[in-house]
>>> print(open('entry.txt').read())   # compact mmCIF, C-alpha atoms
# COMPACT_ATOMS: atom_id res chain seq x y z
CA MET Q 493 39.53 -46.22 -20.15
CA THR Q 494 39.77 -42.69 -21.52
CA ALA Q 495 39.43 -39.70 -19.18
CA ASP Q 496 36.97 -36.96 -20.08
CA VAL Q 497 39.17 -33.92 -20.72
CA SER Q 498 36.51 -31.73 -22.34
CA PRO Q 499 36.64 -28.16 -20.99
CA PRO Q 500 34.05 -27.22 -18.39
CA LEU Q 501 31.06 -25.24 -19.57
CA ARG Q 502 31.78 -21.54 -19.24
CA PRO Q 503 29.19 -18.91 -18.33
CA ALA Q 504 27.51 -17.21 -21.26
CA THR Q 505 28.91 -13.80 -22.17
CA LEU Q 506 27.55 -10.66 -23.78
CA GLU Q 507 29.19 -11.77 -27.02
CA ASP Q 508 27.27 -15.07 -26.89
CA VAL Q 509 23.98 -13.23 -26.45
CA ALA Q 510 24.86 -10.82 -29.29
CA ALA Q 511 25.67 -13.74 -31.62
CA VAL Q 512 22.36 -15.51 -30.90
CA ALA Q 513 20.35 -12.28 -31.22
CA GLY Q 514 22.20 -11.11 -34.32
CA VAL Q 515 22.95 -7.71 -32.85
CA SER Q 516 25.97 -5.86 -31.54
CA ARG Q 517 27.44 -6.31 -28.10
CA ALA Q 518 26.61 -2.66 -27.39
CA THR Q 519 22.92 -3.28 -28.12
CA VAL Q 520 22.84 -6.23 -25.73
CA SER Q 521 24.48 -4.10 -23.05
CA ARG Q 522 21.92 -1.32 -23.52
CA VAL Q 523 19.02 -3.76 -23.17
CA ILE Q 524 20.45 -5.41 -20.06
CA ASN Q 525 21.17 -2.04 -18.46
CA GLY Q 526 17.58 -0.89 -18.96
CA ALA Q 527 18.10 1.76 -21.65
CA THR Q 528 14.74 3.16 -22.74
CA THR Q 529 15.88 4.05 -26.28
CA VAL Q 530 15.99 0.46 -27.57
CA ASP Q 531 13.30 -0.51 -30.10
CA PRO Q 532 10.74 -2.80 -28.35
CA ALA Q 533 10.99 -5.49 -31.05
CA LEU Q 534 14.78 -5.50 -30.77
CA ARG Q 535 14.51 -5.62 -26.99
CA ARG Q 536 12.37 -8.77 -27.21
CA VAL Q 537 14.92 -10.43 -29.51
CA VAL Q 538 17.71 -9.71 -27.05
CA GLU Q 539 15.65 -10.88 -24.06
CA GLU Q 540 14.91 -14.16 -25.87
CA ALA Q 541 18.63 -14.57 -26.58
CA VAL Q 542 19.40 -13.98 -22.91
CA ALA Q 543 16.95 -16.75 -21.99
CA THR Q 544 18.37 -19.10 -24.64
CA THR Q 545 22.00 -18.67 -23.58
CA GLY Q 546 21.32 -18.54 -19.86
CA TYR Q 547 23.29 -15.33 -19.59
CA VAL Q 548 23.41 -13.90 -16.05
CA PRO Q 549 24.42 -10.22 -15.80
CA ASN Q 550 27.26 -9.31 -13.47
CA ARG Q 551 25.25 -7.14 -11.11
CA ALA Q 552 28.32 -5.61 -9.50
CA ALA Q 553 29.75 -4.55 -12.87
CA ARG Q 554 26.36 -3.36 -14.02
CA SER Q 555 25.92 -1.18 -10.96
CA LEU Q 556 29.22 0.56 -11.74
CA VAL Q 557 27.85 1.48 -15.17
CA THR Q 558 24.27 2.34 -14.26
CA ARG Q 559 24.95 3.63 -10.72
CA ARG Q 560 21.88 1.68 -9.62
CA THR Q 561 21.44 -0.93 -6.92
CA ASP Q 562 18.37 -2.62 -8.48
CA SER Q 563 16.65 -2.39 -5.12
CA VAL Q 564 14.01 -0.12 -3.58
CA ALA Q 565 12.94 0.48 -0.01
CA LEU Q 566 9.42 -0.07 1.28
CA VAL Q 567 9.33 2.28 4.26
CA VAL Q 568 6.55 1.96 6.82
CA SER Q 569 6.34 4.98 9.10
CA GLU Q 570 4.47 4.86 12.39
CA ARG Q 571 3.88 7.62 14.93
CA GLU Q 572 5.70 6.04 17.86
CA ARG Q 573 6.77 2.78 19.38
CA ARG Q 574 3.84 0.77 20.77
CA PRO Q 575 3.75 -1.14 24.07
CA VAL Q 576 5.43 -4.51 24.07
CA SER Q 577 1.99 -6.15 24.13
CA GLU Q 578 1.20 -4.52 20.77
CA PRO Q 579 4.50 -4.25 18.86
CA PHE Q 580 4.54 -2.24 15.66
CA ILE Q 581 5.92 -5.03 13.49
CA GLY Q 582 3.41 -7.53 14.87
CA ARG Q 583 0.46 -5.28 14.10
CA MET Q 584 1.81 -4.57 10.64
CA PHE Q 585 2.19 -8.20 9.59
CA SER Q 586 -1.21 -9.15 11.02
CA ASP Q 587 -2.95 -6.44 8.96
CA PRO Q 588 -4.23 -7.86 5.65
CA HIS Q 589 -3.84 -4.43 4.05
CA PHE Q 590 -0.05 -4.61 4.35
CA GLY Q 591 0.14 -8.03 2.69
CA ARG Q 592 -1.93 -6.74 -0.23
CA VAL Q 593 0.41 -3.77 -0.66
CA VAL Q 594 3.47 -6.04 -0.75
CA ALA Q 595 1.80 -8.37 -3.27
CA GLY Q 596 0.95 -5.49 -5.58
CA LEU Q 597 4.45 -4.04 -5.40
CA MET Q 598 6.12 -7.38 -6.11
CA ASP Q 599 3.88 -8.03 -9.12
CA VAL Q 600 5.76 -5.18 -10.82
CA LEU Q 601 9.16 -5.20 -9.11
CA ARG Q 602 9.95 -8.92 -9.41
CA PRO Q 603 9.66 -9.15 -13.23
CA ALA Q 604 11.84 -6.03 -13.46
CA GLY Q 605 14.56 -7.74 -11.39
CA ILE Q 606 14.18 -5.26 -8.52
CA GLN Q 607 14.63 -6.34 -4.91
CA MET Q 608 12.60 -4.74 -2.11
CA VAL Q 609 14.00 -3.86 1.29
CA LEU Q 610 11.51 -3.43 4.16
CA MET Q 611 12.40 -0.60 6.54
CA LEU Q 612 10.48 0.52 9.64
CA ALA Q 613 10.48 4.01 11.14
CA ASP Q 614 8.59 4.36 14.41
CA ASP Q 615 10.69 6.79 16.42
CA GLU Q 616 13.36 9.43 15.91
CA GLY Q 617 16.24 6.96 16.17
CA SER Q 618 14.91 4.55 13.56
CA ARG Q 619 14.04 7.49 11.31
CA ASP Q 620 17.64 8.78 11.51
CA GLN Q 621 18.98 5.30 10.68
CA LEU Q 622 16.64 5.09 7.71
CA LEU Q 623 17.71 8.47 6.31
CA SER Q 624 21.38 7.57 6.72
CA TYR Q 625 20.80 4.31 4.82
CA LEU Q 626 19.02 6.14 2.00
CA ARG Q 627 21.68 8.86 1.70
CA GLN Q 628 24.41 6.23 1.39
CA GLY Q 629 22.90 5.06 -1.89
CA HIS Q 630 21.80 1.56 -0.88
CA VAL Q 631 18.52 1.81 -2.82
CA ASP Q 632 17.33 3.49 -6.01
CA GLY Q 633 14.00 4.72 -4.68
CA VAL Q 634 11.40 4.61 -1.91
CA VAL Q 635 7.78 3.61 -1.50
CA LEU Q 636 6.56 5.25 1.71
CA ILE Q 637 3.57 4.14 3.77
CA SER Q 638 3.03 6.95 6.27
CA SER Q 639 0.42 6.47 8.96
CA HIS Q 640 -0.03 9.89 10.57
CA ALA Q 641 -0.85 13.38 9.41
CA ASP Q 642 2.12 15.25 10.92
CA ASP Q 643 4.81 12.79 9.81
CA PRO Q 644 8.00 14.69 8.82
CA LEU Q 645 9.32 11.73 6.83
CA PRO Q 646 7.80 12.61 3.41
CA GLY Q 647 9.65 15.93 3.46
CA LEU Q 648 12.87 14.34 4.73
CA ILE Q 649 12.78 11.66 2.03
CA HIS Q 650 12.18 14.33 -0.60
CA ASP Q 651 15.28 16.13 0.66
CA THR Q 652 17.40 13.03 -0.12
CA ARG Q 653 16.48 13.58 -3.82
CA LEU Q 654 15.75 9.90 -4.24
CA PRO Q 655 12.78 8.93 -6.42
CA ALA Q 656 9.85 8.32 -4.08
CA VAL Q 657 6.14 7.50 -4.15
CA LEU Q 658 3.79 7.94 -1.21
CA ALA Q 659 0.92 5.58 -0.39
CA GLY Q 660 -1.98 7.96 0.14
CA ARG Q 661 -2.44 11.70 -0.27
CA PRO Q 662 -0.31 13.59 2.28
CA ARG Q 663 -2.12 15.98 4.61
CA ARG Q 664 0.72 18.49 4.35
CA PRO Q 665 1.65 19.87 0.91
CA SER Q 666 4.35 17.65 -0.55
CA PRO Q 667 6.10 17.39 -3.92
CA LEU Q 668 6.08 13.58 -3.68
CA THR Q 669 4.02 11.57 -6.12
CA TYR Q 670 1.21 9.69 -4.36
CA VAL Q 671 -1.30 6.94 -5.16
CA GLU Q 672 -4.55 6.63 -3.24
CA ALA Q 673 -8.17 5.57 -3.40
CA ASP Q 674 -10.78 8.31 -3.12
CA GLN Q 675 -11.41 7.80 0.59
CA ARG Q 676 -14.13 10.42 0.82
CA ALA Q 677 -16.10 8.95 -2.08
CA GLY Q 678 -15.87 5.50 -0.50
CA ALA Q 679 -17.24 6.74 2.82
CA GLN Q 680 -20.04 8.50 0.96
CA MET Q 681 -20.95 5.20 -0.73
CA ALA Q 682 -21.33 3.61 2.70
CA ALA Q 683 -23.56 6.47 3.90
CA ASP Q 684 -25.70 6.39 0.75
CA HIS Q 685 -26.21 2.64 1.10
CA LEU Q 686 -27.27 2.79 4.75
CA ALA Q 687 -29.60 5.71 4.05
CA ALA Q 688 -31.16 3.81 1.14
CA LEU Q 689 -31.90 0.96 3.57
CA GLY Q 690 -33.89 3.42 5.69
CA ARG Q 691 -31.49 3.34 8.65
CA ARG Q 692 -31.67 6.48 10.80
CA ARG Q 693 -30.05 5.58 14.16
CA VAL Q 694 -26.53 5.44 12.83
CA GLY Q 695 -23.15 5.02 14.46
CA THR Q 696 -19.62 4.75 13.13
CA VAL Q 697 -16.41 3.13 14.32
CA ALA Q 698 -13.96 5.67 12.93
CA GLY Q 699 -10.29 5.17 12.20
CA PRO Q 700 -7.60 7.00 14.21
CA GLN Q 701 -8.08 10.73 13.83
CA ASP Q 702 -4.34 11.39 13.64
CA MET Q 703 -4.27 9.45 10.36
CA PRO Q 704 -5.43 10.96 7.06
CA ALA Q 705 -7.46 7.87 6.11
CA GLY Q 706 -9.26 7.92 9.46
CA GLN Q 707 -10.04 11.62 9.17
CA VAL Q 708 -11.31 11.59 5.58
CA ARG Q 709 -13.45 8.46 5.97
CA LEU Q 710 -15.17 9.98 9.00
CA THR Q 711 -15.84 13.42 7.51
CA GLY Q 712 -16.97 11.92 4.19
CA PHE Q 713 -19.42 9.62 5.96
CA LEU Q 714 -20.85 12.32 8.24
CA ASP Q 715 -21.19 14.86 5.42
CA ALA Q 716 -23.01 12.37 3.21
CA LEU Q 717 -25.39 11.33 5.99
CA GLU Q 718 -26.19 14.97 6.66
CA GLN Q 719 -27.27 15.27 3.03
CA HIS Q 720 -29.73 12.46 3.74
CA GLY Q 721 -31.08 14.28 6.79
CA VAL Q 722 -29.27 12.09 9.33
CA GLY Q 723 -27.32 14.34 11.66
CA ASP Q 724 -27.23 12.62 15.04
CA VAL Q 725 -24.44 10.09 14.44
CA VAL Q 726 -22.61 8.54 17.38
CA THR Q 727 -18.88 8.01 16.88
CA ALA Q 728 -16.26 5.88 18.57
CA GLU Q 729 -12.63 6.02 17.46
CA GLY Q 730 -10.81 2.77 16.76
CA ASP Q 731 -7.22 2.04 15.77
CA PHE Q 732 -7.62 -0.08 12.62
CA THR Q 733 -7.08 -3.31 14.61
CA GLN Q 734 -9.49 -6.14 15.38
CA SER Q 735 -9.33 -5.54 19.13
CA GLY Q 736 -9.74 -1.81 18.61
CA GLY Q 737 -12.90 -2.45 16.60
CA ALA Q 738 -14.36 -4.58 19.39
CA SER Q 739 -13.62 -1.97 22.03
CA ALA Q 740 -15.09 0.86 19.94
CA MET Q 741 -18.23 -1.18 19.22
CA ARG Q 742 -18.82 -1.71 22.94
CA ARG Q 743 -18.59 2.06 23.47
CA LEU Q 744 -21.07 2.71 20.66
CA LEU Q 745 -23.62 0.30 22.09
CA LYS Q 746 -23.25 1.81 25.54
CA GLU Q 747 -23.97 5.28 24.15
CA ARG Q 748 -26.62 4.26 21.62
CA PRO Q 749 -28.04 0.79 22.40
CA ASP Q 750 -30.84 1.23 19.84
CA LEU Q 751 -28.62 1.97 16.83
CA ASP Q 752 -29.69 0.31 13.59
CA ALA Q 753 -26.63 0.87 11.37
CA VAL Q 754 -22.85 1.11 11.73
CA PHE Q 755 -20.14 2.17 9.31
CA ILE Q 756 -16.83 0.67 10.41
CA ALA Q 757 -13.80 2.32 8.84
CA SER Q 758 -11.86 -0.89 8.22
CA ASP Q 759 -12.75 -4.55 7.67
CA LEU Q 760 -10.30 -5.62 10.35
CA MET Q 761 -12.11 -3.48 12.94
CA ALA Q 762 -15.43 -4.92 11.68
CA LEU Q 763 -14.07 -8.42 12.31
CA GLY Q 764 -13.74 -7.45 15.97
CA ALA Q 765 -16.98 -5.45 16.14
CA LEU Q 766 -19.44 -7.98 14.73
CA PRO Q 767 -19.11 -10.51 17.61
CA VAL Q 768 -19.79 -7.67 20.05
CA LEU Q 769 -23.06 -6.92 18.26
CA LEU Q 770 -24.04 -10.57 18.25
CA ARG Q 771 -23.27 -10.99 21.97
CA ALA Q 772 -25.46 -7.95 22.63
CA GLY Q 773 -28.36 -9.79 20.99
CA LYS Q 774 -28.27 -7.76 17.77
CA ASP Q 775 -29.08 -9.56 14.55
CA VAL Q 776 -26.97 -8.42 11.59
CA PRO Q 777 -28.38 -7.08 9.32
CA ALA Q 778 -32.00 -7.24 10.60
CA ASP Q 779 -31.34 -5.15 13.74
CA VAL Q 780 -28.08 -3.46 12.74
CA ALA Q 781 -26.79 -3.06 9.19
CA VAL Q 782 -22.97 -3.00 9.01
CA VAL Q 783 -20.73 -1.63 6.25
CA GLY Q 784 -16.93 -1.88 6.35
CA PHE Q 785 -14.07 -0.45 4.32
CA ASP Q 786 -11.23 -2.13 2.36
CA ASP Q 787 -12.68 -5.40 0.99
CA SER Q 788 -9.83 -7.40 2.49
CA ASN Q 789 -9.77 -11.06 3.52
CA ALA Q 790 -11.25 -9.93 6.84
CA ALA Q 791 -14.50 -9.00 5.05
CA VAL Q 792 -15.23 -12.58 4.04
CA ALA Q 793 -14.03 -13.88 7.42
CA CYS Q 794 -16.77 -11.86 9.15
CA ASP Q 795 -19.99 -13.55 10.24
CA PRO Q 796 -22.08 -12.61 8.34
CA PRO Q 797 -19.82 -11.74 5.38
CA LEU Q 798 -19.30 -8.01 5.27
CA THR Q 799 -20.74 -5.48 2.86
CA THR Q 800 -17.80 -3.16 2.36
CA VAL Q 801 -16.19 -0.41 0.33
CA ARG Q 802 -13.50 -1.88 -1.90
CA GLN Q 803 -10.32 0.01 -2.52
CA PRO Q 804 -8.17 -1.81 -5.11
CA VAL Q 805 -5.08 -2.10 -2.91
CA GLU Q 806 -3.09 -4.50 -5.11
CA GLU Q 807 -3.70 -2.39 -8.21
CA MET Q 808 -2.77 0.77 -6.31
CA ALA Q 809 0.46 -0.80 -5.06
CA SER Q 810 1.37 -1.97 -8.55
CA GLU Q 811 0.83 1.57 -9.82
CA MET Q 812 3.12 2.88 -7.07
CA ALA Q 813 5.83 0.50 -8.26
CA ARG Q 814 5.38 1.55 -11.91
CA LEU Q 815 5.53 5.24 -11.01
CA LEU Q 816 8.67 4.67 -8.95
CA LEU Q 817 10.42 2.72 -11.71
CA ARG Q 818 9.50 5.49 -14.17
CA GLN Q 819 11.17 8.05 -11.92
CA ILE Q 820 14.24 5.85 -11.48
CA GLY Q 821 14.53 5.29 -15.23
CA LYS Q 822 14.12 8.98 -16.09
CA PRO Q 823 15.48 10.91 -13.10
CA GLY Q 824 15.54 14.22 -14.94
CA ASP Q 825 11.78 14.18 -15.45
CA GLY Q 826 11.00 14.71 -11.77
CA PRO Q 827 8.00 13.26 -9.91
CA ALA Q 828 5.31 11.56 -11.99
CA PRO Q 829 1.67 12.71 -11.77
CA SER Q 830 -0.22 11.34 -8.79
CA VAL Q 831 -2.99 8.78 -9.34
CA VAL Q 832 -6.37 8.44 -7.60
CA PHE Q 833 -8.33 5.18 -7.86
CA HIS Q 834 -12.11 4.98 -7.52
CA PRO Q 835 -13.65 2.71 -4.82
CA THR Q 836 -16.71 0.50 -5.27
CA LEU Q 837 -19.31 -0.91 -2.89
CA VAL Q 838 -19.27 -4.71 -2.54
CA HIS Q 839 -22.63 -6.10 -1.41
CA ARG Q 840 -22.60 -9.08 0.95
CA GLU Q 841 -24.86 -10.16 3.81
CA SER Q 842 -24.21 -7.61 6.59
CA ALA Q 843 -26.17 -4.74 4.98
>>> encode(input="entry.txt", output="structure tokens")
Amino acid sequence: MTADVSPPLRPATLEDVAAVAGVSRATVSRVINGATTVDPALRRVVEEAVATTGYVPNRAARSLVTRRTDSVALVVSERERRPVSEPFIGRMFSDPHFGRVVAGLMDVLRPAGIQMVLMLADDEGSRDQLLSYLRQGHVDGVVLISSHADDPLPGLIHDTRLPAVLAGRPRRPSPLTYVEADQRAGAQMAADHLAALGRRRVGTVAGPQDMPAGQVRLTGFLDALEQHGVGDVVTAEGDFTQSGGASAMRRLLKERPDLDAVFIASDLMALGALPVLLRAGKDVPADVAVVGFDDSNAAVACDPPLTTVRQPVEEMASEMARLLLRQIGKPGDGPAPSVVFHPTLVHRESA
């Protein structure tokens, strides 16, 4: 019996990839390290050779050359810590909007080989920890979801000089690139639709008025209704949660029991508000027409399914990732231009 003394298979090297691709080792290195000056056709040849040989880059060695970590931070900033009964992280992961943002980001980051680190900032201590982490060079850039108008974090992140993109237009002037849907136009679509249905006794469950999205959706809706001659609109503020929508809807009905239309500033709040209407004996949409905002999974979970303003959250998040990678790849170019997406009205059975 003869023993197998053949040498073990060794990992593929840059030279192996270069031989298969028919290019120099230096060209392979430039492609793997993300150089933007490589001809696209040549890049594809090298990428195919990488797949053929099974070459795996040494990420530690690569980071010494590129000074990159191949990771970015998704930072979610909240005003303050919530009561134990309503923890920040629990609310965040139960909100369908957050899951859509993550999905859109990963659609772009994963194929680029970029890892995403989730970081939460909901008080001064966690904010200081976050800034320390960023300054130590653990990530190449930041996507920031900021939930309140007077948040200092956009300015503090800008001061770190890291590439950064903000989800939503900041209320304070900021040099950060941002991506948002036209919130005002979306709220106007809701008002125009309800006015076209002939509804005159209108209420709205508004979003939190310390948040830019809550503010702009409310003012856009009220201004548009005024153009239709509807000025007496009852308002109850919610908190973009299902329970908050239910509570706000009860307040609206108490103040205006004869209302015939409601604009609810998020689908998740509408999911809580609709059962309140039904328990009050209101048929939707015959007695009360209801329009939401987001077009999330909550819209189709409503009974009846919700007519709502769609903001393309996944597409917006993917654009945030592309803008961030562009800044990381060309740091000398500064922030990229901001991008505003246009909402649409999705007709279902509630209005």
>>> residues_around(input="entry.txt", residues="Leu626 in chain Q", least_positions_apart="4", cutoff="12 Å", atoms="only C-alpha atoms", output="list in words")
Thr561, Ser563, Val564, Ala565, Leu566, Val567, Val609, Met611, Arg619, Asp620, Gln621, Leu622, His630, Val631, Asp632, Gly633, Val634, Leu648, Ile649, His650, Asp651, Thr652, Arg653, Leu654, Pro655 and Ala656 of chain Q
>>> residues_near_point(input="entry.txt", point="(-13.4, -2.7, 15.8)", cutoff="10 Å", atoms="all atoms listed in the file", output="PyMOL selection string")
chain Q and resi 697-699+728-742+756-768
>>> write_last_selection(input="entry.txt", atoms="C-alpha atoms", output="compact mmCIF listing (two decimals), in the frame of the given file")
# COMPACT_ATOMS: atom_id res chain seq x y z
CA VAL Q 697 -16.41 3.13 14.32
CA ALA Q 698 -13.96 5.67 12.93
CA GLY Q 699 -10.29 5.17 12.20
CA ALA Q 728 -16.26 5.88 18.57
CA GLU Q 729 -12.63 6.02 17.46
CA GLY Q 730 -10.81 2.77 16.76
CA ASP Q 731 -7.22 2.04 15.77
CA PHE Q 732 -7.62 -0.08 12.62
CA THR Q 733 -7.08 -3.31 14.61
CA GLN Q 734 -9.49 -6.14 15.38
CA SER Q 735 -9.33 -5.54 19.13
CA GLY Q 736 -9.74 -1.81 18.61
CA GLY Q 737 -12.90 -2.45 16.60
CA ALA Q 738 -14.36 -4.58 19.39
CA SER Q 739 -13.62 -1.97 22.03
CA ALA Q 740 -15.09 0.86 19.94
CA MET Q 741 -18.23 -1.18 19.22
CA ARG Q 742 -18.82 -1.71 22.94
CA ILE Q 756 -16.83 0.67 10.41
CA ALA Q 757 -13.80 2.32 8.84
CA SER Q 758 -11.86 -0.89 8.22
CA ASP Q 759 -12.75 -4.55 7.67
CA LEU Q 760 -10.30 -5.62 10.35
CA MET Q 761 -12.11 -3.48 12.94
CA ALA Q 762 -15.43 -4.92 11.68
CA LEU Q 763 -14.07 -8.42 12.31
CA GLY Q 764 -13.74 -7.45 15.97
CA ALA Q 765 -16.98 -5.45 16.14
CA LEU Q 766 -19.44 -7.98 14.73
CA PRO Q 767 -19.11 -10.51 17.61
CA VAL Q 768 -19.79 -7.67 20.05
>>> residues_around(input="entry.txt", residues="Pro704 in chain Q", least_positions_apart="4", cutoff="7 Å", atoms="only C-alpha atoms", output="list of chain:residue names")
Q:His640, Q:Ala641, Q:Arg663, Q:Val708
>>> closest_residue(input="entry.txt", among="Q:Leu623, Q:Ile637, Q:Ala518, Q:Met808", to="Glu570 in chain Q", atoms="only C-alpha atoms")
Q:Ile637
>>> closest_residue(input="entry.txt", among="Q:Val726, Q:Ala659, Q:Ala828, Q:Val542", to="Val594 in chain Q", atoms="only C-alpha atoms")
Q:Ala659
>>> closest_residue(input="entry.txt", among="Q:Val832, Q:Leu751, Q:Leu686, Q:Arg691", to="Thr799 in chain Q", atoms="all atoms listed in the file")
Q:Leu686
>>> closest_residue(input="entry.txt", among="Q:Phe755, Q:Tyr547, Q:Phe785, Q:Tyr670", to="Val801 in chain Q", atoms="only C-alpha atoms")
Q:Phe785
>>> atom_distance(input="entry.txt", atom1="CA of Pro667 in chain Q", atom2="CA of Lys822 in chain Q")
16.8 Å
>>> closest_residue(input="entry.txt", among="Q:Arg748, Q:Leu534, Q:Ala705, Q:Thr696", to="Thr727 in chain Q", atoms="all atoms listed in the file")
Q:Thr696
>>> atom_distance(input="entry.txt", atom1="CA of Ala793 in chain Q", atom2="CA of Arg693 in chain Q")
26.1 Å
>>> residues_around(input="entry.txt", residues="Gly546 in chain Q", least_positions_apart="5", cutoff="9 Å", atoms="all atoms listed in the file", output="PDB file with C-alpha atoms, in the frame of the given file")
ATOM      1  CA  PRO Q 503      29.190 -18.910 -18.330  1.00  0.00           C
ATOM      2  CA  ALA Q 504      27.510 -17.210 -21.260  1.00  0.00           C
ATOM      3  CA  VAL Q 509      23.980 -13.230 -26.450  1.00  0.00           C
ATOM      4  CA  ALA Q 541      18.630 -14.570 -26.580  1.00  0.00           C
TER       5      ALA Q 541
END
>>> atom_distance(input="entry.txt", atom1="CA of Leu816 in chain Q", atom2="CA of Val657 in chain Q")
6.1 Å
>>> closest_residue(input="entry.txt", among="Q:Thr669, Q:Thr544, Q:Thr519, Q:Ser810", to="Arg602 in chain Q", atoms="only C-alpha atoms")
Q:Ser810
>>> decode(input="entry.txt", residues="range 541-547 of chain Q", atoms="all heavy atoms", output="mmCIF file, in the first residue's frame")
data_model
loop_
_atom_site.group_PDB
_atom_site.id
_atom_site.type_symbol
_atom_site.label_atom_id
_atom_site.label_comp_id
_atom_site.auth_asym_id
_atom_site.auth_seq_id
_atom_site.Cartn_x
_atom_site.Cartn_y
_atom_site.Cartn_z
ATOM 1 N N ALA Q 541 -11.093 35.781 -12.949
ATOM 2 C CA ALA Q 541 -9.932 34.981 -12.558
ATOM 3 C C ALA Q 541 -9.914 34.745 -11.053
ATOM 4 O O ALA Q 541 -9.532 33.659 -10.583
ATOM 5 C CB ALA Q 541 -8.645 35.674 -13.010
ATOM 6 N N VAL Q 542 -10.328 35.737 -10.291
ATOM 7 C CA VAL Q 542 -10.430 35.569 -8.836
ATOM 8 C C VAL Q 542 -11.412 34.457 -8.515
ATOM 9 O O VAL Q 542 -11.152 33.583 -7.670
ATOM 10 C CB VAL Q 542 -10.853 36.895 -8.171
ATOM 11 C CG1 VAL Q 542 -11.236 36.663 -6.712
ATOM 12 C CG2 VAL Q 542 -9.742 37.925 -8.265
ATOM 13 N N ALA Q 543 -12.579 34.461 -9.199
ATOM 14 C CA ALA Q 543 -13.580 33.426 -8.958
ATOM 15 C C ALA Q 543 -13.067 32.052 -9.371
ATOM 16 O O ALA Q 543 -13.309 31.051 -8.682
ATOM 17 C CB ALA Q 543 -14.859 33.765 -9.721
ATOM 18 N N THR Q 544 -12.349 31.994 -10.487
ATOM 19 C CA THR Q 544 -11.834 30.711 -10.984
ATOM 20 C C THR Q 544 -10.804 30.104 -10.040
ATOM 21 O O THR Q 544 -10.822 28.899 -9.760
ATOM 22 C CB THR Q 544 -11.208 30.911 -12.382
ATOM 23 O OG1 THR Q 544 -12.205 31.387 -13.277
ATOM 24 C CG2 THR Q 544 -10.615 29.610 -12.907
ATOM 25 N N THR Q 545 -9.905 30.931 -9.535
ATOM 26 C CA THR Q 545 -8.828 30.419 -8.677
ATOM 27 C C THR Q 545 -9.251 30.263 -7.232
ATOM 28 O O THR Q 545 -8.571 29.577 -6.456
ATOM 29 C CB THR Q 545 -7.625 31.385 -8.719
ATOM 30 O OG1 THR Q 545 -8.045 32.685 -8.251
ATOM 31 C CG2 THR Q 545 -7.075 31.509 -10.132
ATOM 32 N N GLY Q 546 -10.361 30.904 -6.843
ATOM 33 C CA GLY Q 546 -10.763 30.867 -5.447
ATOM 34 C C GLY Q 546 -9.909 31.729 -4.557
ATOM 35 O O GLY Q 546 -9.837 31.521 -3.341
ATOM 36 N N TYR Q 547 -9.257 32.732 -5.153
ATOM 37 C CA TYR Q 547 -8.381 33.603 -4.378
ATOM 38 C C TYR Q 547 -9.171 34.370 -3.320
ATOM 39 O O TYR Q 547 -10.234 34.921 -3.600
ATOM 40 C CB TYR Q 547 -7.669 34.595 -5.305
ATOM 41 C CG TYR Q 547 -6.843 35.622 -4.561
ATOM 42 C CD1 TYR Q 547 -5.635 35.279 -3.975
ATOM 43 C CD2 TYR Q 547 -7.289 36.938 -4.445
ATOM 44 C CE1 TYR Q 547 -4.880 36.215 -3.290
ATOM 45 C CE2 TYR Q 547 -6.543 37.888 -3.758
ATOM 46 C CZ TYR Q 547 -5.342 37.512 -3.178
ATOM 47 O OH TYR Q 547 -4.603 38.441 -2.492
#
